[in-house]
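This is query.cif (mmCIF, C-alpha atoms).
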data_start
#
loop_
_atom_site.label_atom_id
_atom_site.label_comp_id
_atom_site.auth_asym_id
_atom_site.auth_seq_id
_atom_site.Cartn_x
_atom_site.Cartn_y
_atom_site.Cartn_z
CA MET A 1 -19.39 14.97 -47.66
CA ASN A 2 -16.64 14.05 -45.21
CA GLU A 3 -13.31 13.93 -47.00
CA GLN A 4 -10.57 11.49 -46.00
CA LYS A 5 -7.26 12.67 -47.44
CA TYR A 6 -3.87 11.04 -46.93
CA PRO A 7 -0.64 12.69 -48.12
CA ARG A 8 1.31 10.79 -50.79
CA LEU A 9 4.85 10.41 -49.47
CA GLU A 10 6.77 9.62 -52.61
CA LYS A 11 10.18 10.45 -53.96
CA LEU A 12 10.50 13.97 -55.43
CA HIS A 13 7.01 14.92 -54.19
CA ILE A 14 6.87 18.34 -52.57
CA LEU A 15 4.89 18.34 -49.33
CA ARG A 16 2.62 21.34 -49.52
CA THR A 17 0.83 22.99 -46.60
CA GLU A 18 -2.34 20.93 -47.02
CA ALA A 19 -0.35 17.65 -46.90
CA LEU A 20 1.60 18.78 -43.83
CA CYS A 21 -1.64 19.74 -42.08
CA SER A 22 -3.08 16.32 -42.87
CA MET A 23 -0.03 14.65 -41.32
CA ARG A 24 -0.35 16.84 -38.25
CA ASP A 25 -4.04 16.03 -37.84
CA ARG A 26 -3.48 12.29 -38.20
CA ALA A 27 -0.54 12.25 -35.79
CA PHE A 28 -1.82 14.55 -33.05
CA ASP A 29 -5.59 14.82 -33.30
CA THR A 30 -6.66 11.24 -34.10
CA PRO A 31 -5.31 9.63 -30.87
CA GLN A 32 -7.40 12.03 -28.79
CA PHE A 33 -10.61 10.43 -30.12
CA PHE A 34 -9.58 7.02 -28.76
CA PHE A 35 -9.58 8.43 -25.22
CA LYS A 36 -12.59 10.70 -25.43
CA ASN A 37 -14.41 10.82 -22.07
CA HIS A 38 -11.45 9.17 -20.33
CA SER A 39 -10.26 10.54 -17.01
CA ASP A 40 -6.80 11.88 -16.32
CA GLY A 41 -4.31 9.17 -15.42
CA ILE A 42 -1.71 6.73 -16.61
CA LEU A 43 -2.56 4.90 -19.82
CA SER A 44 0.51 2.74 -20.26
CA GLY A 45 3.93 2.14 -18.74
CA CYS A 46 5.21 4.63 -16.13
CA GLU A 47 6.44 1.93 -13.74
CA LEU A 48 8.57 2.91 -10.75
CA HIS A 49 11.98 1.46 -9.90
CA THR A 50 14.11 2.26 -6.89
CA THR A 51 17.77 2.18 -5.99
CA LYS A 52 19.39 2.88 -2.64
CA ASN A 53 18.78 6.60 -3.00
CA SER A 54 16.68 7.29 -6.11
CA ILE A 55 13.28 6.61 -7.71
CA THR A 56 12.99 6.26 -11.49
CA LEU A 57 9.86 6.66 -13.60
CA SER A 58 9.97 4.54 -16.75
CA ALA A 59 8.66 5.52 -20.19
CA GLY A 60 4.91 5.56 -20.73
CA ILE A 61 1.82 7.56 -21.69
CA ILE A 62 -0.23 9.82 -19.40
CA LEU A 63 -3.51 11.56 -20.20
CA HIS A 64 -3.92 14.97 -18.59
CA ASN A 65 -6.48 17.63 -19.51
CA ASN A 66 -7.26 15.78 -22.76
CA PHE A 67 -3.61 15.85 -23.85
CA LEU A 68 -1.49 12.74 -24.29
CA TYR A 69 1.94 13.09 -22.72
CA LEU A 70 4.46 10.66 -24.17
CA ILE A 71 7.17 10.02 -21.57
CA LYS A 72 9.95 8.85 -23.86
CA ASN A 73 12.87 8.98 -21.45
CA GLU A 74 13.19 7.79 -17.87
CA MET A 75 13.08 10.45 -15.15
CA SER A 76 14.71 10.06 -11.74
CA VAL A 77 14.70 11.90 -8.43
CA ASN A 78 16.73 11.30 -5.27
CA TYR A 79 15.02 10.51 -1.99
CA ALA A 80 16.03 10.55 1.67
CA PRO A 81 14.39 9.25 4.87
CA THR A 82 12.08 11.72 6.61
CA GLU A 83 9.83 9.31 8.58
CA GLU A 84 6.89 11.35 7.28
CA TYR A 85 4.77 10.76 4.20
CA VAL A 86 6.09 12.28 1.00
CA MET A 87 4.56 12.10 -2.46
CA LEU A 88 6.18 11.62 -5.82
CA LYS A 89 4.36 13.91 -8.24
CA ILE A 90 4.53 14.56 -11.95
CA ILE A 91 4.22 18.25 -12.76
CA PHE A 92 2.62 19.40 -16.03
CA GLU A 93 4.20 22.77 -16.77
CA PRO A 94 2.43 25.58 -18.70
CA GLU A 95 2.77 25.28 -22.45
CA ILE A 96 5.43 27.30 -24.24
CA LEU A 97 4.56 28.79 -27.62
CA SER A 98 7.17 29.44 -30.28
CA GLU A 99 7.00 30.09 -34.01
CA ASN A 100 7.24 26.40 -34.90
CA PHE A 101 6.21 24.47 -31.79
CA ILE A 102 3.82 24.16 -28.89
CA GLN A 103 5.97 22.74 -26.09
CA ARG A 104 4.59 21.01 -22.99
CA ASN A 105 7.17 19.92 -20.44
CA VAL A 106 6.82 17.57 -17.47
CA LYS A 107 9.03 16.89 -14.49
CA ILE A 108 8.85 14.79 -11.33
CA ILE A 109 9.38 16.02 -7.78
CA LEU A 110 9.14 14.72 -4.23
CA SER A 111 6.90 16.83 -2.01
CA ASP A 112 5.68 16.73 1.58
CA ASP A 113 2.48 18.41 0.40
CA MET A 114 -0.04 15.57 0.08
CA ASN A 115 -2.52 17.70 -1.84
CA ILE A 116 -2.77 17.57 -5.63
CA SER A 117 -3.24 20.69 -7.76
CA ASP A 118 -4.69 20.78 -11.28
CA SER A 119 -1.20 20.73 -12.77
CA GLU A 120 -0.03 17.71 -10.73
CA MET A 121 -0.63 13.96 -10.58
CA GLU A 122 0.41 11.45 -7.91
CA LEU A 123 2.87 8.72 -8.89
CA CYS A 124 3.28 7.19 -5.41
CA ARG A 125 3.67 8.01 -1.72
CA PHE A 126 5.85 6.56 1.00
CA LYS A 127 7.18 7.02 4.53
CA LEU A 128 10.83 6.01 4.92
CA LYS A 129 12.65 5.22 8.16
CA ARG A 130 16.26 6.22 8.62
CA GLY A 131 18.62 3.47 7.52
CA ALA A 132 15.95 1.73 5.44
CA VAL A 133 15.78 1.25 1.67
CA LEU A 134 12.60 1.99 -0.27
CA ARG A 135 11.12 -1.16 -1.81
CA THR A 136 8.76 -1.85 -4.71
CA LYS A 137 8.39 -5.61 -4.14
CA TYR A 138 5.44 -6.80 -2.06
CA THR A 139 5.07 -9.95 0.01
CA ASP A 140 1.33 -10.16 -0.69
CA PHE A 141 -1.68 -8.06 -1.70
CA PHE A 142 -2.09 -6.54 1.77
CA ASP A 143 1.57 -5.47 1.89
CA ARG A 144 0.86 -2.69 -0.61
CA ALA A 145 -0.58 -0.58 2.22
CA THR A 146 2.38 -1.11 4.58
CA GLU A 147 3.13 2.20 6.25
CA PHE A 148 6.93 2.31 6.24
CA ASP A 149 9.66 1.79 3.63
CA THR A 150 7.24 0.69 0.89
CA ILE A 151 6.11 2.34 -2.34
CA ASN A 152 2.37 2.91 -2.03
CA SER A 153 0.75 3.21 -5.47
CA ILE A 154 -2.85 2.66 -4.39
CA ASN A 155 -3.94 6.25 -5.03
CA VAL A 156 -2.16 6.63 -8.37
CA PRO A 157 -4.84 7.42 -10.98
CA TYR A 158 -5.10 5.19 -14.04
CA SER A 159 -7.08 6.55 -16.96
CA SER A 160 -10.46 4.96 -17.59
CA LYS A 161 -13.90 5.88 -18.87
CA ASN A 162 -15.41 8.78 -16.90
CA GLU A 163 -13.25 8.43 -13.77
CA SER A 164 -9.80 7.26 -12.76
CA THR A 165 -9.26 3.78 -11.37
CA LEU A 166 -6.81 1.37 -9.76
CA SER A 167 -3.66 0.21 -11.45
CA PRO A 168 -4.11 -3.02 -13.45
CA GLU A 169 -1.08 -4.29 -11.52
CA ILE A 170 -3.12 -4.06 -8.30
CA THR A 171 -6.18 -5.88 -9.66
CA PHE A 172 -3.92 -8.48 -11.25
CA ALA A 173 -2.18 -9.05 -7.89
CA PHE A 174 -5.59 -9.55 -6.24
CA ALA A 175 -6.57 -12.15 -8.83
CA GLN A 176 -3.21 -13.92 -8.60
CA GLU A 177 -3.76 -14.60 -4.90
CA ALA A 178 -7.51 -15.20 -5.01
CA LYS A 179 -7.34 -17.80 -7.79
CA ASN A 180 -5.59 -20.26 -5.47
CA PHE A 181 -8.76 -20.73 -3.42
CA GLU A 182 -12.37 -21.75 -3.80
CA LEU A 183 -14.20 -18.87 -5.49
CA GLU A 184 -17.74 -17.63 -5.65
CA PRO A 185 -19.12 -17.01 -9.18
CA GLU A 186 -18.58 -13.25 -8.77
CA ASP A 187 -14.97 -13.85 -7.72
CA PHE A 188 -14.31 -16.08 -10.71
CA SER A 189 -15.65 -13.57 -13.23
CA PHE A 190 -13.74 -10.66 -11.69
CA CYS A 191 -10.48 -12.58 -11.44
CA GLN A 192 -10.80 -13.75 -15.02
CA ALA A 193 -11.02 -10.10 -16.14
CA ALA A 194 -8.23 -8.94 -13.82
CA LEU A 195 -5.82 -11.64 -14.98
CA SER A 196 -5.84 -10.08 -18.44
CA ARG A 197 -3.79 -7.20 -16.96
CA GLU A 198 -6.18 -4.77 -18.65
CA THR A 199 -7.26 -1.66 -16.76
CA LEU A 200 -10.61 -2.27 -15.06
CA SER A 201 -12.81 0.78 -14.62
CA ALA A 202 -13.84 2.01 -11.18
CA GLU A 203 -17.40 1.09 -12.16
CA GLN A 204 -16.40 -2.53 -12.85
CA ILE A 205 -14.48 -2.86 -9.59
CA SER A 206 -17.16 -1.19 -7.44
CA PHE A 207 -19.88 -3.34 -9.06
CA TYR A 208 -17.96 -6.47 -8.07
CA VAL A 209 -17.23 -5.22 -4.55
CA GLU A 210 -20.83 -4.21 -3.84
CA ARG A 211 -22.29 -7.50 -5.10
CA ARG A 212 -19.67 -9.57 -3.31
CA LEU A 213 -19.87 -7.81 0.06
CA LYS A 214 -23.55 -6.84 -0.27
CA ILE A 215 -22.79 -3.22 0.58
CA GLU A 216 -23.09 0.21 -1.02
CA LEU A 217 -19.76 1.97 -1.35
CA PRO A 218 -19.58 5.63 -0.23
CA ASP A 219 -17.42 6.47 -3.26
CA LYS A 220 -15.27 4.91 -5.98
CA LYS A 221 -11.95 6.34 -4.89
CA ASN A 222 -8.91 4.11 -5.29
CA GLN A 223 -8.36 3.75 -1.55
CA THR A 224 -11.98 2.70 -1.01
CA LEU A 225 -11.79 0.12 -3.79
CA TYR A 226 -8.47 -1.28 -2.53
CA ASP A 227 -9.63 -1.50 1.12
CA ASN A 228 -12.71 -3.47 0.10
CA LEU A 229 -10.74 -5.76 -2.20
CA CYS A 230 -8.64 -6.54 0.90
CA LEU A 231 -11.81 -7.47 2.80
CA ILE A 232 -12.90 -9.77 -0.01
CA LEU A 233 -9.51 -11.44 -0.23
CA GLN A 234 -9.52 -12.02 3.54
CA GLU A 235 -12.91 -13.69 3.20
CA ILE A 236 -11.73 -15.84 0.32
CA ILE A 237 -8.64 -16.98 2.22
CA SER A 238 -10.28 -17.57 5.60
CA GLY A 239 -13.34 -19.28 4.14
CA ARG A 240 -11.54 -21.58 1.74
CA LYS A 241 -12.56 -25.21 1.48
CA ARG A 242 -9.41 -26.19 -0.31
CA GLU A 243 -6.48 -24.61 -2.10
CA LEU A 244 -6.90 -25.33 -5.78
CA LYS A 245 -3.17 -25.66 -6.34
CA ASN A 246 -3.20 -28.70 -4.05
CA PHE A 247 -6.46 -30.08 -5.38
CA GLY A 248 -6.05 -33.21 -7.45
CA ARG A 249 -8.53 -34.99 -9.64
CA ARG A 250 -11.10 -36.88 -7.62
CA ARG A 251 -10.65 -40.62 -7.64
CA ARG A 252 -13.62 -42.58 -8.88
CA GLY A 253 -14.59 -45.74 -7.08
CA ILE A 254 -17.39 -48.26 -6.63
CA LEU A 255 -18.85 -48.93 -3.21
CA LEU A 256 -19.68 -52.61 -2.58
CA ASP A 257 -21.81 -53.93 0.24
#

As structure tokens, how would this structure be written, given the file I've shared?
Amino acid sequence: MNEQKYPRLEKLHILRTEALCSMRDRAFDTPQFFFKNHSDGILSGCELHTTKNSITLSAGIILHNNFLYLIKNEMSVNYAPTEEYVMLKIIFEPEILSENFIQRNVKIILSDDMNISDSEMELCRFKLKRGAVLRTKYTDFFDRATEFDTINSINVPYSSKNESTLSPEITFAFAQEAKNFELEPEDFSFCQAALSRETLSAEQISFYVERRLKIELPDKKNQTLYDNLCLILQEIISGRKRELKNFGRRRRGILLD
């Protein structure tokens, strides 16, 4: 028999150890089952915002080593131009045990080390010129890979089944541009999924890319997926028959001899 017990939270009831344990299990253990077999990465939120001299990470949820980190408060770090690539990382510090708590702290840092250790995760990378301001707004889909003065979030891992994947913001941006042109059936299906703003797995994206370009990808890394989405979007734009936004209803007529 598999028992399902819920504590009764009523006035004047004393919460005994068994009830407290039940509350703990429901609050901390149950969510882990929803993300079983998911990769490390961002699950929700964690957007980046910049000012003239700082980067701020918003609230969100990150999965790392099968533990859900709830980022409740914004975290900021100052930046300065170096004209070399630097990476914004989130650091998962070793757990601290006390009599009443298990404490797991996180912090963000800027580093010129472009490698990622087991206790780190990339949040973005950029190369800033002197006198420039770091930007998070993009002119188009291709602009996300601009070398200088631009937040590059292509390699940021988003949690998905089995392996990390591209940000849903990136796949949504692809669909937003592609939908304005004549689409192949594969394009239509992929864009329809991407426009939901749901996270698409690396398997879903690579399946689309390989069918659309008739190639076999060497890997399913974020950069590989993004580069090939750029190729597809270039094909869609250059091979368009018409822009749908300017396409009106066809006029019906009768030809007379």

For this session: Name the residues captured by the PyMOL selection byres ((chain A and resi 72) around 8) when it is applied to the shown file; answer as a PyMOL selection string.
Result: chain A and resi 59-60+70-71+73-74

For this session: Using atom CA of A:Leu183 and atom CA of A:Asp219 as the two end points, give the distance in Å to one decimal.
Result: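 Result for atom CA of A:Leu183 versus atom CA of A:Asp219: 25.6 Å, one decimal.
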
Exercise. So what does the PyMOL selection byres ((chain A and resi 45) around 9) actually pick up in this one, as a PyMOL selection string?
Worked result: chain A and resi 42-44+46-47+58-62+71

Limited to C-alpha atoms, could you put the picked residues into a file as a compact mmCIF listing (two decimals), in the coordinates of the input?
# COMPACT_ATOMS: atom_id res chain seq x y z
CA ILE A 42 -1.71 6.73 -16.61
CA LEU A 43 -2.56 4.90 -19.82
CA SER A 44 0.51 2.74 -20.26
CA CYS A 46 5.21 4.63 -16.13
CA GLU A 47 6.44 1.93 -13.74
CA SER A 58 9.97 4.54 -16.75
CA ALA A 59 8.66 5.52 -20.19
CA GLY A 60 4.91 5.56 -20.73
CA ILE A 61 1.82 7.56 -21.69
CA ILE A 62 -0.23 9.82 -19.40
CA ILE A 71 7.17 10.02 -21.57

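Taking all atoms listed in the file, the non-local environment of A:Asp40 within 9 Å (same-chain residues fewer than 2 positions away omitted) comprises His38, Ile42, Leu43, Ile62, Leu63, His64, Asn65, Asn66, Met121, Pro157, Tyr158, Ser159, Ser160, Glu163 and Ser164 of chain A.
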
For this session: Pull out every residue that the PyMOL selection byres ((chain A and resi 211) around 12) matches in the shown coordinates and put them as a PyMOL selection string.
Result: chain A and resi 184-187+190+204-210+212-217+228+232

With C-alpha atoms retained, write the just-selected residues as a PDB file, in the frame of the given file.
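File written: selection-v8.pdb
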ATOM      1  CA  GLU A 184     -17.740 -17.630  -5.650  1.00  0.00           C
ATOM      2  CA  PRO A 185     -19.120 -17.010  -9.180  1.00  0.00           C
ATOM      3  CA  GLU A 186     -18.580 -13.250  -8.770  1.00  0.00           C
ATOM      4  CA  ASP A 187     -14.970 -13.850  -7.720  1.00  0.00           C
ATOM      5  CA  PHE A 190     -13.740 -10.660 -11.690  1.00  0.00           C
ATOM      6  CA  GLN A 204     -16.400  -2.530 -12.850  1.00  0.00           C
ATOM      7  CA  ILE A 205     -14.480  -2.860  -9.590  1.00  0.00           C
ATOM      8  CA  SER A 206     -17.160  -1.190  -7.440  1.00  0.00           C
ATOM      9  CA  PHE A 207     -19.880  -3.340  -9.060  1.00  0.00           C
ATOM     10  CA  TYR A 208     -17.960  -6.470  -8.070  1.00  0.00           C
ATOM     11  CA  VAL A 209     -17.230  -5.220  -4.550  1.00  0.00           C
ATOM     12  CA  GLU A 210     -20.830  -4.210  -3.840  1.00  0.00           C
ATOM     13  CA  ARG A 212     -19.670  -9.570  -3.310  1.00  0.00           C
ATOM     14  CA  LEU A 213     -19.870  -7.810   0.060  1.00  0.00           C
ATOM     15  CA  LYS A 214     -23.550  -6.840  -0.270  1.00  0.00           C
ATOM     16  CA  ILE A 215     -22.790  -3.220   0.580  1.00  0.00           C
ATOM     17  CA  GLU A 216     -23.090   0.210  -1.020  1.00  0.00           C
ATOM     18  CA  LEU A 217     -19.760   1.970  -1.350  1.00  0.00           C
ATOM     19  CA  ASN A 228     -12.710  -3.470   0.100  1.00  0.00           C
ATOM     20  CA  ILE A 232     -12.900  -9.770  -0.010  1.00  0.00           C
TER      21      ILE A 232
END

Exercise. Neighbours of A:Ile237 within 9 Å (all atoms listed in the file; same-chain residues fewer than 3 positions away dropped), as a PyMOL selection string?
Worked result: chain A and resi 177-178+180-182+232-234+240

Seminar exercise, completed: Correct to one decimal, the distance atom CA of A:Lys89-atom CA of A:Ala173 is 23.9 Å

Exercise. What does the distance from atom CA of A:Pro168 to atom CA of A:Ala80 come to in Å, to one decimal?
Worked result: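 Pair atom CA of A:Pro168 / atom CA of A:Ala80 returns 28.6 Å.
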
Problem set entry | From A:Ser119, A:Leu68, A:Glu99, A:Lys52, residue lying nearest A:Gln32 [only C-alpha atoms] |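 Of the candidates, the smallest distance to A:Gln32 is held by A:Leu68.
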